[in-house]
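**Student:** So that you have it, the file is run.cif, and it contains mmCIF, C-alpha atoms and all ligand atoms:
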data_protein
loop_
_atom_site.label_atom_id
_atom_site.label_comp_id
_atom_site.auth_asym_id
_atom_site.auth_seq_id
_atom_site.Cartn_x
_atom_site.Cartn_y
_atom_site.Cartn_z
CA MET A 1 118.55 119.32 71.39
CA THR A 2 115.55 117.17 70.73
CA ASP A 3 115.83 115.65 67.25
CA ARG A 4 113.36 113.15 65.78
CA SER A 5 114.38 113.77 62.16
CA ALA A 6 116.97 111.01 61.82
CA VAL A 7 114.56 108.08 61.72
CA PRO A 8 112.30 107.06 58.79
CA VAL A 9 108.51 107.19 59.22
CA PRO A 10 106.99 103.68 58.81
CA THR A 11 104.19 103.21 56.29
CA ASP A 12 101.69 102.32 59.03
CA ALA A 13 102.57 105.32 61.22
CA ALA A 14 99.05 106.77 61.04
CA ALA A 15 97.46 103.51 62.12
CA ARG A 16 99.87 103.13 65.02
CA ARG A 17 99.15 106.65 66.19
CA ALA A 18 95.40 106.18 65.90
CA VAL A 19 95.25 103.55 68.65
CA ALA A 20 92.89 104.79 71.37
CA PRO A 21 94.44 105.63 74.77
CA VAL A 22 93.36 103.99 77.99
CA VAL A 23 93.64 105.60 81.41
CA CYS A 24 96.63 104.03 83.18
CA TYR A 25 95.12 103.98 86.65
CA PRO A 26 91.31 103.96 86.70
CA VAL A 27 90.57 105.39 90.14
CA SER A 28 87.04 104.03 90.41
CA THR A 29 88.38 101.17 92.54
CA LEU A 30 90.42 103.39 94.90
CA PRO A 31 89.04 103.68 98.42
CA PRO A 32 87.02 106.89 98.07
CA ALA A 33 87.76 110.02 100.10
CA PRO A 34 84.90 110.58 102.58
CA MET A 35 83.97 113.93 101.01
CA ALA A 36 80.50 114.19 102.56
CA MET A 37 81.98 113.77 106.05
CA LEU A 38 84.81 116.22 105.29
CA SER A 39 82.34 118.77 103.88
CA ALA A 40 80.38 118.62 107.12
CA ALA A 41 83.54 118.74 109.24
CA ARG A 42 84.89 121.84 107.48
CA GLU A 43 81.73 123.68 108.46
CA THR A 44 82.85 123.36 112.11
CA ILE A 45 86.48 124.45 111.81
CA GLU A 46 88.15 126.89 114.14
CA LYS A 47 91.54 128.50 113.38
CA ILE A 48 94.22 127.48 115.87
CA ASP A 49 97.47 128.64 114.24
CA ALA A 50 98.87 130.61 111.31
CA VAL A 51 102.28 130.99 109.69
CA VAL A 52 103.31 133.72 107.25
CA VAL A 53 105.82 132.65 104.60
CA PRO A 54 107.85 135.71 103.56
CA PRO A 55 108.65 136.29 99.87
CA ARG A 56 111.57 134.17 98.58
CA GLU A 57 111.66 132.25 101.88
CA GLY A 58 110.34 128.96 103.24
CA ARG A 59 108.57 128.09 106.47
CA THR A 60 107.38 124.87 108.08
CA PHE A 61 104.11 124.13 109.86
CA ARG A 62 102.62 121.16 111.68
CA VAL A 63 99.13 119.78 111.21
CA PRO A 64 97.77 117.02 113.51
CA ARG A 65 95.82 114.32 111.69
CA GLY A 66 92.14 115.10 111.52
CA HIS A 67 92.80 118.83 111.20
CA PHE A 68 92.56 121.10 108.16
CA PHE A 69 95.05 123.55 106.72
CA ARG A 70 94.80 126.28 104.13
CA ILE A 71 97.38 127.94 101.92
CA VAL A 72 96.11 131.46 101.38
CA SER A 73 97.06 134.14 98.88
CA ILE A 74 97.65 137.49 100.58
CA GLU A 75 98.82 140.82 99.21
CA GLY A 76 99.31 139.69 95.60
CA PRO A 77 99.61 136.78 93.13
CA GLN A 78 102.22 134.33 94.42
CA VAL A 79 103.06 130.69 93.79
CA GLY A 80 103.94 128.30 96.63
CA ASP A 81 105.96 125.10 96.51
CA LEU A 82 104.68 122.56 99.04
CA ASN A 83 106.44 119.57 100.64
CA LEU A 84 104.75 117.20 103.11
CA TRP A 85 106.23 114.64 105.48
CA ASN A 86 104.81 112.21 108.03
CA ALA A 87 105.58 114.13 111.23
CA ASN A 88 106.60 110.87 112.92
CA ASP A 89 108.76 109.49 110.09
CA LEU A 90 110.44 111.79 107.55
CA LYS A 91 111.00 108.83 105.24
CA GLU A 92 107.30 108.94 104.40
CA ARG A 93 106.75 111.94 102.18
CA PHE A 94 104.61 113.32 99.39
CA PHE A 95 104.85 111.38 96.09
CA SER A 96 104.19 113.87 93.30
CA GLY A 97 104.62 111.30 90.53
CA LYS A 98 102.06 108.77 91.77
CA THR A 99 99.64 111.55 92.72
CA ARG A 100 99.88 112.71 89.10
CA ALA A 101 99.44 109.17 87.77
CA LEU A 102 96.40 108.52 89.95
CA HIS A 103 94.63 111.86 89.57
CA ALA A 104 95.94 114.26 86.90
CA THR A 105 98.65 116.77 86.04
CA HIS A 106 96.82 119.32 88.23
CA VAL A 107 94.84 118.64 91.40
CA THR A 108 91.74 120.13 92.97
CA THR A 109 88.92 119.36 95.40
CA GLY A 110 88.45 115.62 95.96
CA ASP A 111 92.00 114.69 94.92
CA ARG A 112 94.44 113.34 97.44
CA LEU A 113 98.16 113.79 98.03
CA TRP A 114 99.72 110.32 98.22
CA SER A 115 102.87 109.24 100.04
CA ASN A 116 105.88 107.47 98.57
CA LEU A 117 106.51 103.73 98.37
CA PRO A 118 106.26 101.55 100.38
CA HIS A 119 103.79 103.68 102.35
CA LEU A 120 101.44 104.77 99.52
CA ARG A 121 98.47 106.14 101.41
CA PRO A 122 96.70 109.49 101.35
CA MET A 123 98.61 112.09 103.40
CA ALA A 124 96.07 114.83 102.73
CA THR A 125 92.81 115.31 100.85
CA ILE A 126 91.95 118.57 99.08
CA THR A 127 88.67 119.79 100.52
CA HIS A 128 88.30 123.23 98.90
CA ASP A 129 89.91 125.09 96.00
CA THR A 130 88.76 128.62 95.25
CA LEU A 131 90.52 128.31 91.87
CA GLY A 132 88.55 125.18 91.01
CA TRP A 133 86.70 127.23 88.37
CA TYR A 134 89.90 127.58 86.29
CA GLY A 135 89.97 124.09 84.82
CA PHE A 136 92.22 123.99 81.74
CA ASP A 137 92.74 127.05 79.56
CA GLU A 138 93.25 127.44 75.79
CA HIS A 139 97.00 126.83 76.20
CA GLY A 140 96.47 123.62 78.14
CA GLY A 141 97.39 125.35 81.39
CA GLY A 142 95.89 124.43 84.74
CA VAL A 143 96.45 125.38 88.39
CA HIS A 144 98.12 123.45 91.27
CA ASP A 145 100.36 121.12 89.26
CA VAL A 146 102.19 117.95 90.18
CA ILE A 147 104.28 118.02 86.99
CA GLY A 148 106.98 120.47 88.02
CA THR A 149 109.67 119.61 90.52
CA ARG A 150 110.70 122.85 92.31
CA CYS A 151 113.11 125.55 91.18
CA ASP A 152 116.59 124.58 92.35
CA PRO A 153 120.06 126.09 92.30
CA TYR A 154 121.65 123.15 90.51
CA THR A 155 119.47 123.43 87.41
CA HIS A 156 119.88 127.21 87.55
CA LYS A 157 123.65 126.79 87.66
CA LEU A 158 123.53 124.77 84.45
CA LEU A 159 121.05 126.97 82.60
CA SER A 160 122.59 130.30 83.58
CA GLY A 161 126.17 129.50 82.67
CA GLY A 162 127.36 129.34 86.24
CA ASP A 163 125.27 131.74 88.31
CA ASP A 164 124.58 130.91 91.97
CA TYR A 165 121.13 131.73 93.36
CA HIS A 166 120.42 130.85 96.98
CA HIS A 167 116.66 131.37 97.35
CA CYS A 168 115.29 128.79 94.95
CA CYS A 169 112.38 126.82 96.40
CA HIS A 170 114.77 123.89 96.90
CA ASN A 171 116.99 126.08 99.10
CA ASN A 172 114.03 127.56 100.97
CA LEU A 173 112.43 124.17 101.67
CA THR A 174 115.75 122.71 102.81
CA ARG A 175 116.48 125.59 105.18
CA ALA A 176 112.94 125.43 106.57
CA LEU A 177 113.12 121.68 107.23
CA ALA A 178 116.57 122.03 108.80
CA GLY A 179 115.23 124.74 111.12
CA GLU A 180 112.21 122.62 112.07
CA THR A 181 114.08 119.39 112.76
CA GLY A 182 117.55 120.47 113.86
CA LEU A 183 119.08 118.54 110.95
CA SER A 184 122.03 120.13 109.19
CA ILE A 185 121.41 121.58 105.71
CA ARG A 186 123.34 118.63 104.27
CA ASP A 187 121.18 116.10 106.15
CA ALA A 188 117.91 117.92 105.51
CA GLU A 189 118.42 118.35 101.76
CA PRO A 190 117.77 114.70 100.75
CA HIS A 191 114.35 114.86 102.44
CA VAL A 192 113.20 117.67 100.13
CA HIS A 193 111.17 116.27 97.27
CA ASP A 194 109.10 117.09 94.21
CA VAL A 195 106.38 119.52 95.19
CA LEU A 196 102.76 120.39 94.75
CA ASN A 197 102.96 123.73 92.93
CA VAL A 198 100.21 125.60 94.76
CA PHE A 199 98.55 128.36 92.68
CA MET A 200 101.05 127.86 89.82
CA CYS A 201 99.57 127.85 86.30
CA THR A 202 101.40 125.37 84.11
CA GLY A 203 101.06 122.90 81.30
CA PHE A 204 102.87 121.41 78.34
CA THR A 205 103.18 123.31 75.08
CA ARG A 206 100.94 121.82 72.40
CA ASP A 207 103.68 121.59 69.77
CA THR A 208 106.73 120.39 71.71
CA GLN A 209 105.19 119.15 74.98
CA GLN A 210 107.59 121.35 76.98
CA TYR A 211 106.76 122.39 80.51
CA PHE A 212 105.46 125.95 80.53
CA MET A 213 104.29 128.42 83.15
CA LYS A 214 102.14 131.53 82.87
CA ALA A 215 101.05 134.23 85.30
CA SER A 216 98.97 132.62 88.04
CA PRO A 217 95.27 133.54 88.14
CA VAL A 218 95.42 133.54 91.97
CA ARG A 219 94.29 136.69 93.75
CA PRO A 220 94.41 137.70 97.42
CA GLY A 221 91.78 135.77 99.34
CA ASP A 222 92.08 132.64 97.23
CA PHE A 223 93.02 129.50 99.12
CA LEU A 224 93.63 125.78 98.73
CA GLU A 225 92.38 123.74 101.67
CA PHE A 226 93.48 120.28 102.80
CA PHE A 227 92.42 117.70 105.35
CA ALA A 228 95.40 116.09 107.10
CA GLU A 229 94.96 112.31 106.96
CA ILE A 230 98.08 111.72 109.09
CA ASP A 231 100.23 113.90 111.36
CA LEU A 232 102.06 116.22 108.99
CA ILE A 233 105.05 118.49 108.80
CA GLY A 234 104.58 120.82 105.85
CA ALA A 235 107.09 123.17 104.27
CA LEU A 236 106.04 125.96 101.94
CA SER A 237 108.30 128.17 99.83
CA ALA A 238 107.08 131.48 98.43
CA CYS A 239 108.72 130.91 95.03
CA PRO A 240 111.17 133.57 93.80
CA GLY A 241 109.19 133.44 90.55
CA GLY A 242 106.33 135.36 92.24
CA ASP A 243 103.27 134.70 90.05
CA CYS A 244 105.61 132.72 87.73
CA GLY A 245 104.60 134.83 84.73
CA THR A 246 108.16 135.62 83.63
CA VAL A 247 111.24 134.22 85.37
CA HIS A 248 112.23 132.35 88.51
CA SER A 249 115.53 131.55 90.25
CA SER A 250 116.40 135.25 90.57
CA ASP A 251 115.43 138.42 92.46
CA GLU A 252 113.71 139.88 89.35
CA ALA A 253 110.07 138.84 89.79
CA ARG A 254 107.75 140.72 92.14
CA CYS A 255 107.04 138.44 95.09
CA HIS A 256 104.48 138.35 97.88
CA PRO A 257 104.10 136.44 101.14
CA LEU A 258 101.81 133.43 101.56
CA LEU A 259 99.77 132.49 104.60
CA VAL A 260 99.28 129.00 106.06
CA GLU A 261 96.34 128.55 108.44
CA ILE A 262 95.70 125.51 110.63
CA TYR A 263 92.13 124.66 111.63
CA ARG A 264 90.61 122.24 114.13
CA PRO A 265 87.16 120.78 113.40
CA ASP A 266 84.63 119.67 115.99
CA PRO A 267 85.85 116.11 116.81
CA ALA A 268 82.25 114.90 116.77
CA SER A 269 82.11 115.70 113.04
CA LEU A 270 84.79 113.05 112.46
CA ALA A 271 83.44 110.40 114.81
CA ASP A 272 83.12 107.92 111.92
CA TRP A 273 86.52 108.71 110.40
CA THR A 274 89.34 106.15 110.35
CA PRO A 275 92.87 107.43 109.53
CA PRO A 276 94.44 105.64 106.55
CA ALA A 277 96.66 102.68 107.42
CA LEU A 278 100.04 102.07 105.83
CA ASN A 279 99.76 100.26 102.51
CA ALA A 280 98.97 96.59 103.12
CA TYR A 281 101.19 95.13 100.38
CA ASP A 282 103.68 92.63 101.84
CA PHE A 283 106.89 92.56 99.76
CA LYS A 284 108.18 89.04 100.26
CA ALA A 285 111.83 88.93 99.22
ZN ZN A 301 110.22 128.06 93.02
#
Let me see whether you can do it: turn the structure in this file into structure tokens.
**Tutor:**
Amino acid sequence: MTDRSAVPVPTDAAARRAVAPVVCYPVSTLPPAPMAMLSAARETIEKIDAVVVPPREGRTFRVPRGHFFRIVSIEGPQVGDLNLWNANDLKERFFSGKTRALHATHVTTGDRLWSNLPHLRPMATITHDTLGWYGFDEHGGGVHDVIGTRCDPYTHKLLSGGDDYHHCCHNNLTRALAGETGLSIRDAEPHVHDVLNVFMCTGFTRDTQQYFMKASPVRPGDFLEFFAEIDLIGALSACPGGDCGTVHSSDEARCHPLLVEIYRPDPASLADWTPPALNAYDFKA
């Protein structure tokens, strides 16, 4: 258990704590997302494909670069755990930690989903969020976090005293990727990574800074929309926690399906768009 009581408090503790924070990564010098162009492009979109993710299951989808995709709430409040890979190289994948460091604990319109090192480029840009109004609530909770990891059967095994549950988001994402690529479960599993928790309402408790969840404010019809900056394979799990208001990693919570929609814009609307190049840093050994 966490225990800070064993160390003495120094006499200048208050002064040390009073030092003003600075933002680790000021993003004013990042190459900006072309939001005006994307706003115009999304006015021209036409739906070309859709995938339903059943409750407590995972499904994959493909999005060509320069297209949009939406994750849509249907039937009832439901959280989705999202993984993204470069469709042409699974080693390039979504980097939750750096996305959090660059943007915030929770993401919304204008934020980008960045890929892992050494690639570090935007994989997708969020172009619309019907839950953008939520902001941060009185508990410090927000929607669409990049602070959680994904529910997984290994953590559940430890916390439950030995129970096996086979439909954690980690299982669902692994099975979905294996089905998409032909990889075995064992070979697909290492490609599954920390997620974007779509629609999930989370934060850190004020007193102990522990990760908390509360019932998602998402309602049917809400959606989170992305612009694919590179060719993508996505995997989405309809979390066994349902709206994540009580428990996860079990069959207890009421769960609903999620919908993924793929949209093609008028190519003329992106005539001035240049896809992001791989990161230019040259690591000289
Ligand atoms: Zn989950």
**Student:** Counting only C-alpha atoms, figure out which residue out of A:Leu270, A:Leu117, A:Ala15, A:Leu84 gets nearest to Asp282 in chain A.
**Tutor:**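 Under the stated criterion, the closest residue is A:Leu117.
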**Student:** Ligand ZN 301 (chain A): which residues are within 9 Å, counting all atoms listed in the file? Reply as a list in words.
**Tutor:**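 The residues near ligand ZN 301 (chain A) are Arg56, Val79, Gly80, Asp81, Thr149, Arg150, Cys151, Asp152, His167, Cys168, Cys169, His170, Asn172, Asn197, Ser237, Ala238, Cys239, Pro240, Gly241, Gly242, Cys244, His248 and Ser249 of chain A.
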**Student:** Hey, which of A:Ala87, A:Leu196, A:Val63, A:Ile262 ends up closest to Ile48 in chain A? Count only C-alpha atoms.
**Tutor:**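 Smallest distance to Ile48 in chain A is found for A:Ile262.
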**Student:** Measure the distance from CA of Arg112 in chain A to CA of Leu258 in chain A in Å and round it to one decimal.
**Tutor:**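 Those two atoms sit 21.8 Å apart.
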**Student:** Which one is closest to His193 in chain A: A:Tyr165, A:Phe68, A:Leu177, A:Pro217? Count only C-alpha atoms.
**Tutor:**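 Of all the options, A:Leu177 lies closest to His193 in chain A.
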**Student:** Write out as a list in words each polymer residue whose atoms come within 12 Å of Gly221 in chain A, counting all atoms listed in the file; drop sequence neighbours fewer than 4 positions from it.
**Tutor:**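 My reading of the contact set: Arg70, Ile71, Val72, Ser73, Ile74, Glu75, Gly76, Pro77, Gln78, Asp129, Thr130, Leu131, Pro217, Leu258 and Leu259 of chain A.
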**Student:** Nearest residue to Ala40 in chain A out of A:Pro276, A:Gly142, A:Pro267, A:Pro54, using only C-alpha atoms?
**Tutor:**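 So, comparing all the options, the nearest one is A:Pro267.
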**Student:** Just give me the gap between CA of Phe227 in chain A and CA of Ala50 in chain A in Å, one decimal is fine.
**Tutor:**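 CA of Ala50 in chain A lies at a distance of 15.6 Å from CA of Phe227 in chain A.
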**Student:** If we draw a sphere of 12 Å around (88.2, 113.5, 90.4), which residues have at least one atom in it when counting all atoms listed in the file? Please report them as a ChimeraX atom specification.
**Tutor:** /A:26-28,30,32-33,35,99-100,102-112,125-127,132
**Student:** May I have the residues from that selection written out with C-alpha atoms, as a short mmCIF file (atom, residue, chain, number, x, y, z; two decimals), in the coordinates of the input?
**Tutor:**
data_model
loop_
_atom_site.label_atom_id
_atom_site.label_comp_id
_atom_site.auth_asym_id
_atom_site.auth_seq_id
_atom_site.Cartn_x
_atom_site.Cartn_y
_atom_site.Cartn_z
CA PRO A 26 91.31 103.96 86.70
CA VAL A 27 90.57 105.39 90.14
CA SER A 28 87.04 104.03 90.41
CA LEU A 30 90.42 103.39 94.90
CA PRO A 32 87.02 106.89 98.07
CA ALA A 33 87.76 110.02 100.10
CA MET A 35 83.97 113.93 101.01
CA THR A 99 99.64 111.55 92.72
CA ARG A 100 99.88 112.71 89.10
CA LEU A 102 96.40 108.52 89.95
CA HIS A 103 94.63 111.86 89.57
CA ALA A 104 95.94 114.26 86.90
CA THR A 105 98.65 116.77 86.04
CA HIS A 106 96.82 119.32 88.23
CA VAL A 107 94.84 118.64 91.40
CA THR A 108 91.74 120.13 92.97
CA THR A 109 88.92 119.36 95.40
CA GLY A 110 88.45 115.62 95.96
CA ASP A 111 92.00 114.69 94.92
CA ARG A 112 94.44 113.34 97.44
CA THR A 125 92.81 115.31 100.85
CA ILE A 126 91.95 118.57 99.08
CA THR A 127 88.67 119.79 100.52
CA GLY A 132 88.55 125.18 91.01
#
**Student:** So which one's closest to Pro265 in chain A, A:Ala228, A:Asn116, A:Phe212, A:Thr155? Using only C-alpha atoms, please.
**Tutor:**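 Closest residue, counting only C-alpha atoms: A:Ala228.
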**Student:** Please indicate the distance in Å from CA of Lys91 in chain A to CA of Pro257 in chain A, rounded to one decimal place.
**Tutor:** 28.8 Å
**Student:** Around range 3-18 of chain A, with edges along x, y and z and 4 Å added on all six sides, what centre and edge lengths do you get, in Å to one decimal, as JSON?
**Tutor:**
{"center_x": 106.2, "center_y": 109.0, "center_z": 61.8, "size_x": 29.6, "size_y": 21.3, "size_z": 19.0}
**Student:** If we count only C-alpha atoms, what is near Ala235 in chain A at a cut-off of 6 Å, once residues fewer than 6 positions away on the same chain are taken out, given as a list in words?
**Tutor:**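 What passes the distance filter is Arg59, Thr60, Leu82 and Asn83 of chain A.
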**Student:** Here is a test: counting only C-alpha atoms, which residue of A:Asp12, A:Asp231, A:Asp266, A:Asp222 is nearest to His128 in chain A?
**Tutor:**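 Checking each of A:Asp12, A:Asp231, A:Asp266, A:Asp222 against His128 in chain A, counting only C-alpha atoms, the winner is A:Asp222.
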